[in-house]
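K.L.:
Hey, dropping model_16.cif in here, mmCIF, C-alpha atoms:
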data_structure
loop_
_atom_site.label_atom_id
_atom_site.label_comp_id
_atom_site.auth_asym_id
_atom_site.auth_seq_id
_atom_site.Cartn_x
_atom_site.Cartn_y
_atom_site.Cartn_z
CA MET U 272 22.27 20.82 31.78
CA SER U 273 19.13 22.83 32.11
CA GLN U 274 18.83 24.87 35.30
CA GLN U 275 18.08 21.91 37.54
CA TYR U 276 18.17 18.14 37.43
CA GLN U 277 15.31 16.75 39.51
CA MET U 278 15.40 13.18 40.79
CA ARG U 279 12.78 11.18 42.64
CA PHE U 280 13.40 7.90 44.48
CA ALA U 281 10.46 5.74 45.50
CA GLY U 282 9.92 2.35 47.06
CA SER U 283 8.39 0.74 50.08
CA GLY U 284 9.37 1.76 53.60
CA GLY U 285 12.58 0.03 54.55
CA GLN U 286 14.05 -0.02 51.04
CA GLY U 287 16.23 2.94 51.94
CA VAL U 288 15.25 5.36 49.19
CA ILE U 289 15.89 8.34 51.49
CA LEU U 290 19.51 7.28 51.94
CA ALA U 291 19.90 6.80 48.17
CA SER U 292 18.61 10.33 47.68
CA VAL U 293 20.86 11.76 50.41
CA ILE U 294 23.94 10.06 48.96
CA LEU U 295 23.38 11.41 45.46
CA ALA U 296 22.83 14.91 46.86
CA GLU U 297 26.05 14.62 48.83
CA ALA U 298 27.95 13.40 45.75
CA ALA U 299 26.65 16.41 43.86
CA VAL U 300 27.93 18.75 46.54
CA ILE U 301 31.32 17.05 46.66
CA CYS U 302 31.48 17.70 42.92
CA GLY U 303 30.75 21.39 43.36
CA PHE U 304 27.03 21.47 42.62
CA GLN U 305 24.30 22.82 44.84
CA ALA U 306 21.73 20.30 45.99
CA VAL U 307 18.54 20.01 47.96
CA GLN U 308 17.35 16.70 49.31
CA SER U 309 13.89 16.33 50.78
CA GLN U 310 11.04 14.11 51.86
CA ALA U 311 7.49 15.36 51.96
CA TYR U 312 5.21 13.23 54.06
CA GLY U 313 1.53 13.72 53.42
CA PRO U 314 -1.39 11.41 54.08
CA GLU U 315 -0.16 9.16 51.25
CA ALA U 316 2.97 8.37 53.27
CA ARG U 317 0.85 5.95 55.25
CA GLY U 318 0.14 3.86 52.15
CA GLY U 319 3.50 2.15 52.27
CA VAL U 320 5.17 4.26 49.61
CA SER U 321 8.35 6.01 50.66
CA LYS U 322 9.52 8.87 48.47
CA ALA U 323 12.61 11.05 48.47
CA GLU U 324 13.80 13.77 46.16
CA THR U 325 17.10 15.32 45.13
CA ILE U 326 17.57 18.45 43.07
CA VAL U 327 21.00 19.13 41.62
CA SER U 328 21.88 22.49 40.17
CA ARG U 329 24.79 24.66 39.19
CA GLU U 330 23.02 27.58 40.80
CA LYS U 331 21.21 28.36 44.00
CA ILE U 332 18.01 26.38 44.35
CA TRP U 333 15.13 28.58 45.38
CA PHE U 334 12.23 26.21 45.08
CA SER U 335 12.85 22.81 46.54
CA LYS U 336 9.81 20.82 45.52
CA VAL U 337 10.14 18.34 42.70
CA LEU U 338 7.11 18.65 40.46
CA ARG U 339 8.11 16.81 37.29
CA PRO U 340 11.23 14.73 37.89
CA ASP U 341 13.80 14.22 35.16
CA PHE U 342 14.63 10.88 36.74
CA LEU U 343 12.57 8.38 38.71
CA LEU U 344 13.80 5.31 40.57
CA ALA U 345 10.97 2.91 41.43
CA LEU U 346 11.68 -0.10 43.61
CA ASN U 347 8.11 -1.29 44.02
CA GLN U 348 5.03 -1.43 41.84
CA SER U 349 2.88 1.03 43.75
CA SER U 350 5.50 3.76 43.62
CA LEU U 351 6.04 3.16 39.90
CA ASN U 352 2.31 3.41 39.26
CA ALA U 353 2.00 6.48 41.46
CA TYR U 354 4.89 8.51 40.07
CA ALA U 355 5.43 7.44 36.46
CA PRO U 356 2.76 9.84 35.17
CA SER U 357 4.48 12.90 36.64
CA LEU U 358 7.79 12.35 34.84
CA ALA U 359 9.14 15.31 32.88
CA GLU U 360 9.20 15.06 29.11
CA GLY U 361 12.29 13.13 28.05
CA GLY U 362 12.71 11.90 31.62
CA VAL U 363 14.21 8.54 32.51
CA VAL U 364 12.83 5.82 34.79
CA MET U 365 14.89 3.09 36.41
CA ILE U 366 12.83 0.20 37.74
CA ASP U 367 13.64 -3.04 39.44
CA ASP U 368 13.18 -5.72 36.82
CA SER U 369 10.63 -7.55 38.96
CA LEU U 370 8.15 -4.74 38.24
CA SER U 371 5.74 -4.40 35.35
CA ALA U 372 6.45 -1.44 33.10
CA ALA U 373 2.84 -1.43 31.91
CA ALA U 374 2.09 1.68 33.96
CA LEU U 375 4.64 3.73 32.03
CA PRO U 376 3.26 6.18 29.50
CA GLU U 377 4.05 5.04 25.97
CA GLY U 378 7.47 6.10 24.81
CA THR U 379 8.91 6.57 28.29
CA ARG U 380 12.65 5.92 28.37
CA PHE U 381 13.24 3.30 31.01
CA ILE U 382 15.93 0.95 32.29
CA ALA U 383 14.95 -2.27 34.06
CA VAL U 384 17.70 -3.75 36.22
CA PRO U 385 17.75 -6.54 38.83
CA ILE U 386 18.45 -4.26 41.78
CA LEU U 387 16.72 -6.27 44.50
CA ARG U 388 18.04 -9.62 43.31
CA THR U 389 21.59 -8.28 42.98
CA ALA U 390 21.47 -6.99 46.55
CA ARG U 391 20.15 -10.31 47.81
CA GLU U 392 22.25 -12.70 45.74
CA THR U 393 25.39 -10.97 44.44
CA VAL U 394 26.03 -8.72 47.43
CA GLY U 395 24.35 -11.14 49.82
CA LYS U 396 22.38 -8.53 51.83
CA ALA U 397 18.90 -7.40 50.78
CA PHE U 398 19.32 -4.14 52.73
CA THR U 399 21.98 -2.96 50.29
CA ALA U 400 19.43 -2.59 47.48
CA ASN U 401 19.52 1.19 47.83
CA ILE U 402 23.28 1.29 47.37
CA VAL U 403 23.08 -1.11 44.42
CA ALA U 404 20.55 1.34 42.95
CA VAL U 405 22.86 4.29 43.55
CA GLY U 406 25.66 2.47 41.71
CA ALA U 407 23.37 1.60 38.81
CA ILE U 408 21.91 5.11 38.57
CA ASN U 409 25.31 6.72 38.54
CA ALA U 410 26.64 4.30 35.93
CA ALA U 411 23.61 4.75 33.68
CA LEU U 412 23.36 8.52 33.89
CA ARG U 413 27.11 9.12 34.34
CA LEU U 414 26.38 11.74 36.94
CA PHE U 415 29.49 11.83 39.12
CA PRO U 416 32.99 10.33 39.13
CA ASP U 417 33.19 7.00 40.97
CA GLU U 418 35.56 8.32 43.62
CA GLN U 419 33.29 11.18 44.70
CA LEU U 420 30.28 8.89 44.73
CA ALA U 421 32.11 6.40 46.93
CA GLU U 422 33.03 9.21 49.31
CA ALA U 423 29.39 10.28 49.52
CA VAL U 424 28.38 6.71 50.34
CA GLU U 425 30.99 6.45 53.08
CA ARG U 426 29.77 9.65 54.69
CA HIS U 427 26.26 8.31 55.18
CA ILE U 428 26.47 4.62 55.98
CA PRO U 429 26.84 3.17 59.46
CA ALA U 430 30.39 2.52 60.61
CA GLY U 431 31.35 -1.09 60.01
CA THR U 432 29.33 -1.47 56.80
CA GLU U 433 31.91 0.06 54.45
CA ALA U 434 32.98 -3.18 52.79
CA ILE U 435 29.50 -4.49 52.04
CA ASN U 436 28.41 -1.11 50.72
CA ARG U 437 31.44 -0.81 48.46
CA LYS U 438 30.54 -4.21 47.11
CA ALA U 439 26.93 -3.09 46.59
CA LEU U 440 28.01 0.07 44.79
CA ALA U 441 30.25 -1.86 42.41
CA ALA U 442 27.59 -4.52 41.83
CA GLY U 443 25.09 -1.83 40.93
CA ALA U 444 27.48 -0.18 38.48
CA ALA U 445 28.20 -3.56 36.90
CA LEU U 446 24.51 -3.92 35.99
CA ILE U 447 24.83 -1.15 33.42
CA GLY U 448 26.40 -1.95 30.09
CA ALA U 449 28.33 0.51 27.99
CA GLU U 450 25.47 0.76 25.49
CA THR U 451 22.98 1.73 28.17
CA ALA U 452 25.34 4.30 29.60
CA ARG U 453 25.87 5.81 26.17
CA ALA U 454 22.13 6.01 25.63
CA PHE U 455 21.26 7.52 28.99
CA ALA U 456 24.33 9.56 29.93
CA ARG U 457 23.35 12.96 31.18
CA SER U 458 25.41 15.99 30.32
CA TRP U 459 25.91 18.72 32.90
CA GLU U 460 26.79 21.32 30.29
CA MET T 59 0.18 25.46 67.44
CA SER T 60 0.72 28.10 64.84
CA GLN T 61 0.50 26.95 61.22
CA GLN T 62 3.87 25.25 61.22
CA TYR T 63 6.52 24.09 63.65
CA GLN T 64 9.95 24.48 62.08
CA MET T 65 12.92 22.55 63.40
CA ARG T 66 16.58 22.71 62.43
CA PHE T 67 19.23 20.14 63.37
CA ALA T 68 22.90 20.98 62.98
CA GLY T 69 26.21 19.42 63.78
CA SER T 70 29.34 18.15 62.13
CA GLY T 71 29.22 15.60 59.34
CA GLY T 72 28.89 12.13 60.83
CA GLN T 73 26.85 13.22 63.85
CA GLY T 74 23.72 11.98 62.14
CA VAL T 75 21.60 15.11 62.24
CA ILE T 76 19.85 14.14 58.99
CA LEU T 77 18.65 10.92 60.57
CA ALA T 78 17.42 12.79 63.66
CA SER T 79 15.47 15.10 61.39
CA VAL T 80 14.04 12.21 59.34
CA ILE T 81 12.95 10.36 62.48
CA LEU T 82 11.08 13.33 63.93
CA ALA T 83 9.36 13.93 60.58
CA GLU T 84 8.34 10.29 60.46
CA ALA T 85 7.02 10.41 64.05
CA ALA T 86 4.96 13.44 63.08
CA VAL T 87 3.42 11.57 60.16
CA ILE T 88 2.69 8.51 62.30
CA CYS T 89 0.82 10.89 64.60
CA GLY T 90 -1.27 12.27 61.75
CA PHE T 91 0.63 15.45 60.95
CA GLN T 92 2.05 16.47 57.62
CA ALA T 93 5.81 16.88 57.49
CA VAL T 94 8.59 17.90 55.18
CA GLN T 95 12.17 16.94 55.86
CA SER T 96 15.02 18.42 53.87
CA GLN T 97 18.69 19.16 53.49
CA ALA T 98 19.94 22.03 51.42
CA TYR T 99 23.58 21.74 50.47
CA GLY T 100 25.20 24.92 49.33
CA PRO T 101 28.82 25.94 49.32
CA GLU T 102 28.73 26.15 53.14
CA ALA T 103 28.13 22.39 53.28
CA ARG T 104 31.82 21.96 52.62
CA GLY T 105 32.68 23.79 55.85
CA GLY T 106 31.95 20.75 58.01
CA VAL T 107 28.53 21.84 59.19
CA SER T 108 25.74 19.42 58.45
CA LYS T 109 22.21 20.78 58.63
CA ALA T 110 18.80 19.19 58.33
CA GLU T 111 15.30 20.57 58.69
CA THR T 112 11.87 19.28 59.59
CA ILE T 113 8.62 21.16 59.26
CA VAL T 114 5.57 19.75 61.04
CA SER T 115 2.11 21.01 60.29
CA ARG T 116 -1.54 20.14 60.65
CA GLU T 117 -2.05 21.31 57.12
CA LYS T 118 -0.44 20.92 53.75
CA ILE T 119 3.02 22.45 53.62
CA TRP T 120 3.46 24.60 50.54
CA PHE T 121 6.81 26.14 51.26
CA SER T 122 9.44 23.77 52.52
CA LYS T 123 12.33 26.02 53.40
CA VAL T 124 12.97 26.77 57.06
CA LEU T 125 13.75 30.44 57.40
CA ARG T 126 13.40 31.11 61.12
CA PRO T 127 13.29 27.84 63.06
CA ASP T 128 11.15 27.47 66.18
CA PHE T 129 13.64 24.89 67.41
CA LEU T 130 17.36 24.42 66.87
CA LEU T 131 19.51 21.47 67.87
CA ALA T 132 23.22 22.28 67.78
CA LEU T 133 25.75 19.51 68.34
CA ASN T 134 28.86 21.50 67.56
CA GLN T 135 30.03 25.04 68.13
CA SER T 136 30.20 26.19 64.53
CA SER T 137 26.62 25.16 63.84
CA LEU T 138 25.44 26.89 67.02
CA ASN T 139 27.26 30.06 66.04
CA ALA T 140 25.97 29.87 62.47
CA TYR T 141 22.31 29.23 63.18
CA ALA T 142 21.50 30.73 66.57
CA PRO T 143 20.91 34.20 65.10
CA SER T 144 18.17 32.98 62.77
CA LEU T 145 15.99 31.50 65.51
CA ALA T 146 12.36 32.62 65.54
CA GLU T 147 11.18 34.82 68.37
CA GLY T 148 10.37 32.62 71.36
CA GLY T 149 12.26 29.76 69.75
CA VAL T 150 14.13 27.10 71.70
CA VAL T 151 17.70 25.88 71.32
CA MET T 152 19.02 22.57 72.55
CA ILE T 153 22.81 22.37 72.70
CA ASP T 154 25.27 19.76 73.75
CA ASP T 155 26.56 20.88 77.13
CA SER T 156 30.15 20.89 75.88
CA LEU T 157 29.33 23.99 73.82
CA SER T 158 29.50 27.62 74.81
CA ALA T 159 26.16 29.39 74.82
CA ALA T 160 27.88 32.76 74.43
CA ALA T 161 26.78 32.98 70.79
CA LEU T 162 23.11 32.92 71.75
CA PRO T 163 21.27 36.23 71.56
CA GLU T 164 20.39 37.48 75.03
CA GLY T 165 17.18 36.04 76.35
CA THR T 166 17.20 32.97 74.09
CA ARG T 167 15.51 30.01 75.73
CA PHE T 168 17.97 27.14 75.70
CA ILE T 169 18.52 23.71 77.16
CA ALA T 170 22.05 22.34 77.55
CA VAL T 171 22.25 18.57 77.88
CA PRO T 172 25.15 16.09 77.78
CA ILE T 173 24.11 14.45 74.51
CA LEU T 174 27.53 13.43 73.25
CA ARG T 175 28.75 12.20 76.64
CA THR T 176 25.56 10.21 77.23
CA ALA T 177 25.93 8.49 73.86
CA ARG T 178 29.56 7.69 74.58
CA GLU T 179 29.32 6.70 78.25
CA THR T 180 25.76 5.72 79.16
CA VAL T 181 24.79 4.11 75.86
CA GLY T 182 28.38 3.11 75.10
CA LYS T 183 28.36 4.10 71.41
CA ALA T 184 29.24 7.61 70.25
CA PHE T 185 27.31 7.10 66.98
CA THR T 186 24.02 7.03 68.91
CA ALA T 187 24.29 10.73 69.78
CA ASN T 188 21.62 11.60 67.22
CA ILE T 189 19.15 9.17 68.78
CA VAL T 190 19.99 10.41 72.29
CA ALA T 191 19.21 13.89 70.95
CA VAL T 192 15.89 12.74 69.49
CA GLY T 193 14.91 11.29 72.88
CA ALA T 194 15.90 14.48 74.69
CA ILE T 195 14.14 16.75 72.18
CA ASN T 196 10.94 14.77 72.36
CA ALA T 197 10.99 14.68 76.15
CA ALA T 198 11.68 18.40 76.45
CA LEU T 199 9.17 19.60 73.88
CA ARG T 200 6.67 16.77 74.46
CA LEU T 201 6.11 16.49 70.76
CA PHE T 202 4.96 12.91 70.22
CA PRO T 203 3.96 9.90 72.36
CA ASP T 204 6.89 7.61 73.17
CA GLU T 205 5.44 4.65 71.31
CA GLN T 206 5.09 6.49 67.99
CA LEU T 207 8.55 7.98 68.36
CA ALA T 208 10.04 4.54 68.97
CA GLU T 209 8.28 3.26 65.86
CA ALA T 210 9.73 6.12 63.81
CA VAL T 211 13.21 5.25 65.09
CA GLU T 212 12.81 1.58 64.21
CA ARG T 213 11.76 2.45 60.66
CA HIS T 214 14.99 4.28 59.95
CA ILE T 215 17.83 2.54 61.73
CA PRO T 216 19.87 -0.31 60.27
CA ALA T 217 18.63 -3.80 61.08
CA GLY T 218 20.47 -5.21 64.07
CA THR T 219 20.82 -1.89 65.88
CA GLU T 220 17.37 -1.85 67.48
CA ALA T 221 18.49 -2.58 71.02
CA ILE T 222 21.27 0.01 71.17
CA ASN T 223 19.01 2.64 69.65
CA ARG T 224 16.19 1.91 72.11
CA LYS T 225 18.74 2.39 74.86
CA ALA T 226 19.88 5.67 73.30
CA LEU T 227 16.32 6.96 72.96
CA ALA T 228 15.57 6.20 76.61
CA ALA T 229 18.88 7.68 77.77
CA GLY T 230 18.09 10.88 75.89
CA ALA T 231 14.63 11.14 77.40
CA ALA T 232 16.10 10.58 80.87
CA LEU T 233 18.24 13.71 80.46
CA ILE T 234 15.14 15.90 80.67
CA GLY T 235 13.64 16.55 84.07
CA ALA T 236 9.97 17.19 84.69
CA GLU T 237 10.62 20.87 85.33
CA THR T 238 12.33 21.33 81.98
CA ALA T 239 9.55 19.51 80.18
CA ARG T 240 6.95 21.72 81.85
CA ALA T 241 8.85 24.82 80.84
CA PHE T 242 9.45 23.85 77.22
CA ALA T 243 6.46 21.66 76.35
CA ARG T 244 5.02 22.63 73.02
CA SER T 245 1.30 22.56 72.46
CA TRP T 246 -0.07 21.45 69.11
CA GLU T 247 -3.37 23.26 69.62
#
Write out the structure in this file as structure tokens.
P.N.:
Amino acid sequence: MSQQYQMRFAGSGGQGVILASVILAEAAVICGFQAVQSQAYGPEARGGVSKAETIVSREKIWFSKVLRPDFLLALNQSSLNAYAPSLAEGGVVMIDDSLSAAALPEGTRFIAVPILRTARETVGKAFTANIVAVGAINAALRLFPDEQLAEAVERHIPAGTEAINRKALAAGAALIGAETARAFARSWE
Amino acid sequence: MSQQYQMRFAGSGGQGVILASVILAEAAVICGFQAVQSQAYGPEARGGVSKAETIVSREKIWFSKVLRPDFLLALNQSSLNAYAPSLAEGGVVMIDDSLSAAALPEGTRFIAVPILRTARETVGKAFTANIVAVGAINAALRLFPDEQLAEAVERHIPAGTEAINRKALAAGAALIGAETARAFARSWE
């Protein structure tokens, strides 16, 4: 990969994008990468958009602000509209399929998946949407081996929620077909 | 206050220091501050020390790395030993009272409180230690009004755990006497 892989996760408060970001940073570390995970809260944080960022790198990360993410997860329309324009060239966006992709600059590579509905209906708990997203992101980008990702999830979820979160992770991965994964797989070399 | 107030939270994995850091950043934003919350995971992250950082400022935060924290929470001995030397001059350390303060540079201002025991015995759930710590930190430093802090907690805990976390927050605040709060209160002016 290039020096750094920069990921941004955005949604409304309560959708758990911070935890999604923390889990992917932890998975990176388990796999031997360096990672920085952060939230910057400015005045815009009061507008109902929650944003979190993860930088993954083979080398020490000196500057921890994400300026032009290589990947964006958007779970609600306002975060998609707000952050789509800042995507790096060749970057990838994953959106919940209830959103309109009209805000995306022409030619943007994006994946629309039913994250919120899968959490609600397949997993049976709306609050697992962030873990469904983590499963889908990892399957689409082929970032980390399943086992290390599952370990990262377990380290950050409340005790007693292991089973439902394992189900959410698997349900998220199942949303991504082999074709999509081939098209979006990210190489770390 | 000076330009920025830099806080570091450290403990073993599973003690929830990231969440403590996120909650105090959120409380800052609710109160009109700017805040950055981050985790940097380097090779040392595999040594069982979990570290999180919050910067609070009246103004835009351009540099988000904490170099010399004004405040350090240490929930285990290895994180106290690792991070005590980097404390800013005049900085404050809060440690769980099961730890040895021998690693602290002479003259360091510190508060030892039974965070882990309070979570386990008074609240009845060991996993609430991070919220007990948040309550104790806020009471000792007088950072934010109780109501805004409680709102920040509610925004970041799993649904269904509101009551136990309210209890933890109050139990943490109750660990700090009026004398301590007078001695350690931080002014934002």
K.L.:
Output the residue selection produced by the PyMOL selection byres ((chain T) within 8 of (chain U)) on the file above, formatted as a PyMOL selection string.
P.N.:
chain T and resi 71-72+83-84+87-88+90-101+103-104+118+122-123+213-214+216
K.L.:
Apply the PyMOL selection byres ((chain U and resi 448) around 12) to the displayed file and report the matching residues as a list in words.
P.N.:
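Given this file, the PyMOL selection byres ((chain U and resi 448) around 12) evaluates to Ile382, Val384, Ala407, Ile408, Ala410, Ala411, Leu412, Arg413, Gly443, Ala444, Ala445, Leu446, Ile447, Ala449, Glu450, Thr451, Ala452, Arg453, Ala454, Phe455 and Ala456 of chain U.
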K.L.:
Please produce chain U as a short mmCIF file (atom, residue, chain, number, x, y, z; two decimals) with C-alpha atoms, in the frame of the given file once it has been superposed on chain T, the fit using all Cα atoms paired in sequence order.
P.N.:
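Output (part19.cif):
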data_model
loop_
_atom_site.label_atom_id
_atom_site.label_comp_id
_atom_site.auth_asym_id
_atom_site.auth_seq_id
_atom_site.Cartn_x
_atom_site.Cartn_y
_atom_site.Cartn_z
CA MET U 272 0.17 25.40 67.38
CA SER U 273 0.69 28.09 64.83
CA GLN U 274 0.50 26.95 61.21
CA GLN U 275 3.87 25.23 61.20
CA TYR U 276 6.51 24.09 63.64
CA GLN U 277 9.94 24.47 62.05
CA MET U 278 12.92 22.54 63.39
CA ARG U 279 16.57 22.70 62.42
CA PHE U 280 19.22 20.13 63.36
CA ALA U 281 22.89 20.99 62.97
CA GLY U 282 26.21 19.40 63.78
CA SER U 283 29.33 18.16 62.12
CA GLY U 284 29.23 15.59 59.33
CA GLY U 285 28.91 12.15 60.83
CA GLN U 286 26.85 13.22 63.85
CA GLY U 287 23.72 11.98 62.12
CA VAL U 288 21.60 15.11 62.24
CA ILE U 289 19.85 14.13 58.99
CA LEU U 290 18.62 10.90 60.56
CA ALA U 291 17.43 12.79 63.66
CA SER U 292 15.47 15.10 61.38
CA VAL U 293 14.04 12.21 59.33
CA ILE U 294 12.94 10.35 62.47
CA LEU U 295 11.08 13.32 63.91
CA ALA U 296 9.35 13.92 60.57
CA GLU U 297 8.33 10.27 60.46
CA ALA U 298 7.02 10.42 64.04
CA ALA U 299 4.95 13.44 63.07
CA VAL U 300 3.42 11.56 60.17
CA ILE U 301 2.68 8.51 62.29
CA CYS U 302 0.82 10.89 64.59
CA GLY U 303 -1.27 12.27 61.75
CA PHE U 304 0.63 15.45 60.95
CA GLN U 305 2.04 16.48 57.61
CA ALA U 306 5.80 16.88 57.47
CA VAL U 307 8.59 17.90 55.17
CA GLN U 308 12.16 16.93 55.85
CA SER U 309 15.00 18.43 53.86
CA GLN U 310 18.68 19.17 53.49
CA ALA U 311 19.92 22.07 51.43
CA TYR U 312 23.55 21.79 50.49
CA GLY U 313 25.16 25.01 49.38
CA PRO U 314 28.80 26.03 49.34
CA GLU U 315 28.72 26.20 53.15
CA ALA U 316 28.13 22.44 53.29
CA ARG U 317 31.83 22.03 52.66
CA GLY U 318 32.69 23.83 55.90
CA GLY U 319 31.98 20.80 58.02
CA VAL U 320 28.53 21.86 59.17
CA SER U 321 25.74 19.42 58.43
CA LYS U 322 22.21 20.78 58.61
CA ALA U 323 18.79 19.19 58.32
CA GLU U 324 15.31 20.57 58.68
CA THR U 325 11.86 19.27 59.58
CA ILE U 326 8.60 21.15 59.26
CA VAL U 327 5.56 19.75 61.04
CA SER U 328 2.10 21.02 60.28
CA ARG U 329 -1.55 20.16 60.63
CA GLU U 330 -2.05 21.33 57.08
CA LYS U 331 -0.43 20.91 53.72
CA ILE U 332 3.03 22.43 53.60
CA TRP U 333 3.50 24.55 50.52
CA PHE U 334 6.84 26.13 51.21
CA SER U 335 9.45 23.76 52.49
CA LYS U 336 12.34 26.00 53.40
CA VAL U 337 12.97 26.75 57.05
CA LEU U 338 13.77 30.42 57.40
CA ARG U 339 13.41 31.10 61.12
CA PRO U 340 13.27 27.83 63.05
CA ASP U 341 11.16 27.49 66.18
CA PHE U 342 13.64 24.90 67.41
CA LEU U 343 17.36 24.43 66.86
CA LEU U 344 19.50 21.46 67.87
CA ALA U 345 23.23 22.27 67.77
CA LEU U 346 25.74 19.50 68.34
CA ASN U 347 28.87 21.49 67.56
CA GLN U 348 30.05 25.03 68.14
CA SER U 349 30.20 26.16 64.53
CA SER U 350 26.62 25.16 63.83
CA LEU U 351 25.44 26.87 67.01
CA ASN U 352 27.26 30.06 66.04
CA ALA U 353 25.98 29.85 62.47
CA TYR U 354 22.31 29.22 63.19
CA ALA U 355 21.51 30.73 66.59
CA PRO U 356 20.91 34.19 65.10
CA SER U 357 18.18 32.96 62.76
CA LEU U 358 15.98 31.49 65.50
CA ALA U 359 12.35 32.61 65.52
CA GLU U 360 11.19 34.81 68.36
CA GLY U 361 10.39 32.64 71.36
CA GLY U 362 12.27 29.76 69.74
CA VAL U 363 14.12 27.11 71.71
CA VAL U 364 17.71 25.89 71.31
CA MET U 365 19.02 22.57 72.55
CA ILE U 366 22.81 22.37 72.70
CA ASP U 367 25.26 19.76 73.78
CA ASP U 368 26.57 20.90 77.13
CA SER U 369 30.16 20.88 75.88
CA LEU U 370 29.34 23.98 73.80
CA SER U 371 29.53 27.62 74.81
CA ALA U 372 26.18 29.38 74.81
CA ALA U 373 27.91 32.74 74.41
CA ALA U 374 26.81 32.96 70.78
CA LEU U 375 23.13 32.91 71.75
CA PRO U 376 21.30 36.22 71.55
CA GLU U 377 20.43 37.47 75.02
CA GLY U 378 17.23 36.02 76.35
CA THR U 379 17.24 32.97 74.10
CA ARG U 380 15.51 30.00 75.72
CA PHE U 381 17.98 27.16 75.68
CA ILE U 382 18.53 23.70 77.15
CA ALA U 383 22.06 22.35 77.55
CA VAL U 384 22.25 18.57 77.88
CA PRO U 385 25.15 16.09 77.78
CA ILE U 386 24.10 14.45 74.52
CA LEU U 387 27.53 13.43 73.25
CA ARG U 388 28.76 12.19 76.62
CA THR U 389 25.57 10.21 77.24
CA ALA U 390 25.94 8.49 73.87
CA ARG U 391 29.57 7.67 74.58
CA GLU U 392 29.34 6.70 78.25
CA THR U 393 25.76 5.74 79.17
CA VAL U 394 24.79 4.11 75.88
CA GLY U 395 28.37 3.13 75.11
CA LYS U 396 28.35 4.11 71.40
CA ALA U 397 29.23 7.63 70.26
CA PHE U 398 27.29 7.11 67.00
CA THR U 399 24.01 7.03 68.91
CA ALA U 400 24.28 10.73 69.79
CA ASN U 401 21.61 11.59 67.24
CA ILE U 402 19.14 9.16 68.79
CA VAL U 403 19.98 10.40 72.29
CA ALA U 404 19.20 13.89 70.95
CA VAL U 405 15.89 12.73 69.49
CA GLY U 406 14.91 11.28 72.88
CA ALA U 407 15.89 14.47 74.68
CA ILE U 408 14.13 16.74 72.18
CA ASN U 409 10.93 14.77 72.37
CA ALA U 410 10.99 14.68 76.17
CA ALA U 411 11.69 18.40 76.44
CA LEU U 412 9.17 19.59 73.88
CA ARG U 413 6.67 16.77 74.47
CA LEU U 414 6.10 16.49 70.76
CA PHE U 415 4.94 12.91 70.23
CA PRO U 416 3.95 9.91 72.35
CA ASP U 417 6.89 7.62 73.17
CA GLU U 418 5.44 4.66 71.30
CA GLN U 419 5.09 6.51 67.98
CA LEU U 420 8.55 7.99 68.35
CA ALA U 421 10.03 4.55 68.96
CA GLU U 422 8.27 3.27 65.86
CA ALA U 423 9.73 6.11 63.80
CA VAL U 424 13.21 5.26 65.08
CA GLU U 425 12.80 1.59 64.20
CA ARG U 426 11.76 2.46 60.66
CA HIS U 427 14.99 4.30 59.94
CA ILE U 428 17.82 2.54 61.73
CA PRO U 429 19.86 -0.31 60.30
CA ALA U 430 18.62 -3.79 61.10
CA GLY U 431 20.45 -5.21 64.09
CA THR U 432 20.82 -1.88 65.90
CA GLU U 433 17.36 -1.85 67.50
CA ALA U 434 18.50 -2.58 71.04
CA ILE U 435 21.26 0.02 71.19
CA ASN U 436 18.99 2.64 69.66
CA ARG U 437 16.19 1.92 72.11
CA LYS U 438 18.72 2.38 74.86
CA ALA U 439 19.88 5.67 73.30
CA LEU U 440 16.32 6.95 72.99
CA ALA U 441 15.56 6.20 76.63
CA ALA U 442 18.87 7.69 77.78
CA GLY U 443 18.09 10.87 75.89
CA ALA U 444 14.63 11.14 77.42
CA ALA U 445 16.10 10.57 80.88
CA LEU U 446 18.24 13.71 80.48
CA ILE U 447 15.15 15.90 80.69
CA GLY U 448 13.64 16.56 84.08
CA ALA U 449 9.98 17.20 84.70
CA GLU U 450 10.63 20.89 85.34
CA THR U 451 12.34 21.35 81.99
CA ALA U 452 9.57 19.52 80.20
CA ARG U 453 6.97 21.71 81.87
CA ALA U 454 8.86 24.82 80.85
CA PHE U 455 9.45 23.84 77.24
CA ALA U 456 6.47 21.64 76.36
CA ARG U 457 5.02 22.61 73.04
CA SER U 458 1.30 22.56 72.48
CA TRP U 459 -0.08 21.43 69.14
CA GLU U 460 -3.40 23.18 69.68
#
K.L.:
To one decimal place, how far is atom CA of Ala372 of chain U from atom CA of Ala353 of chain U in Å?
P.N.:
12.3 Å
K.L.:
Written as a list of chain:residue names, what is the full residue list that the PyMOL selection byres ((chain U and resi 401-404) around 7) yields on the file shown?
P.N.:
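What the PyMOL selection byres ((chain U and resi 401-404) around 7) grabs from the file is U:Gln286, U:Gly287, U:Val288, U:Ala291, U:Ile386, U:Ala390, U:Thr399, U:Ala400, U:Val405, U:Gly406, U:Ala407, U:Ile408, U:Asn436, U:Ala439, U:Leu440, U:Ala442, U:Gly443.
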K.L.:
Rounded to one decimal in Å, what is the spacing between atom CA of Trp459 of chain U and atom CA of Phe280 of chain U?
P.N.:
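Separating atom CA of Trp459 of chain U from atom CA of Phe280 of chain U is a distance of 20.2 Å.
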K.L.:
In the coordinates of the file, take the point (4.7, 1.0, 37.2) and a cut-off of 7 Å; then, counting all atoms listed in the file, name each qualifying protein, DNA or RNA residue as a ChimeraX atom specification.
P.N.:
/U:348-349,351-352,355,370-375
K.L.:
Atom CA of Lys322 of chain U to atom CA of Thr393 of chain U: how many Å, to one decimal?
P.N.:
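About the pair atom CA of Lys322 of chain U and atom CA of Thr393 of chain U: they are 25.7 Å apart.
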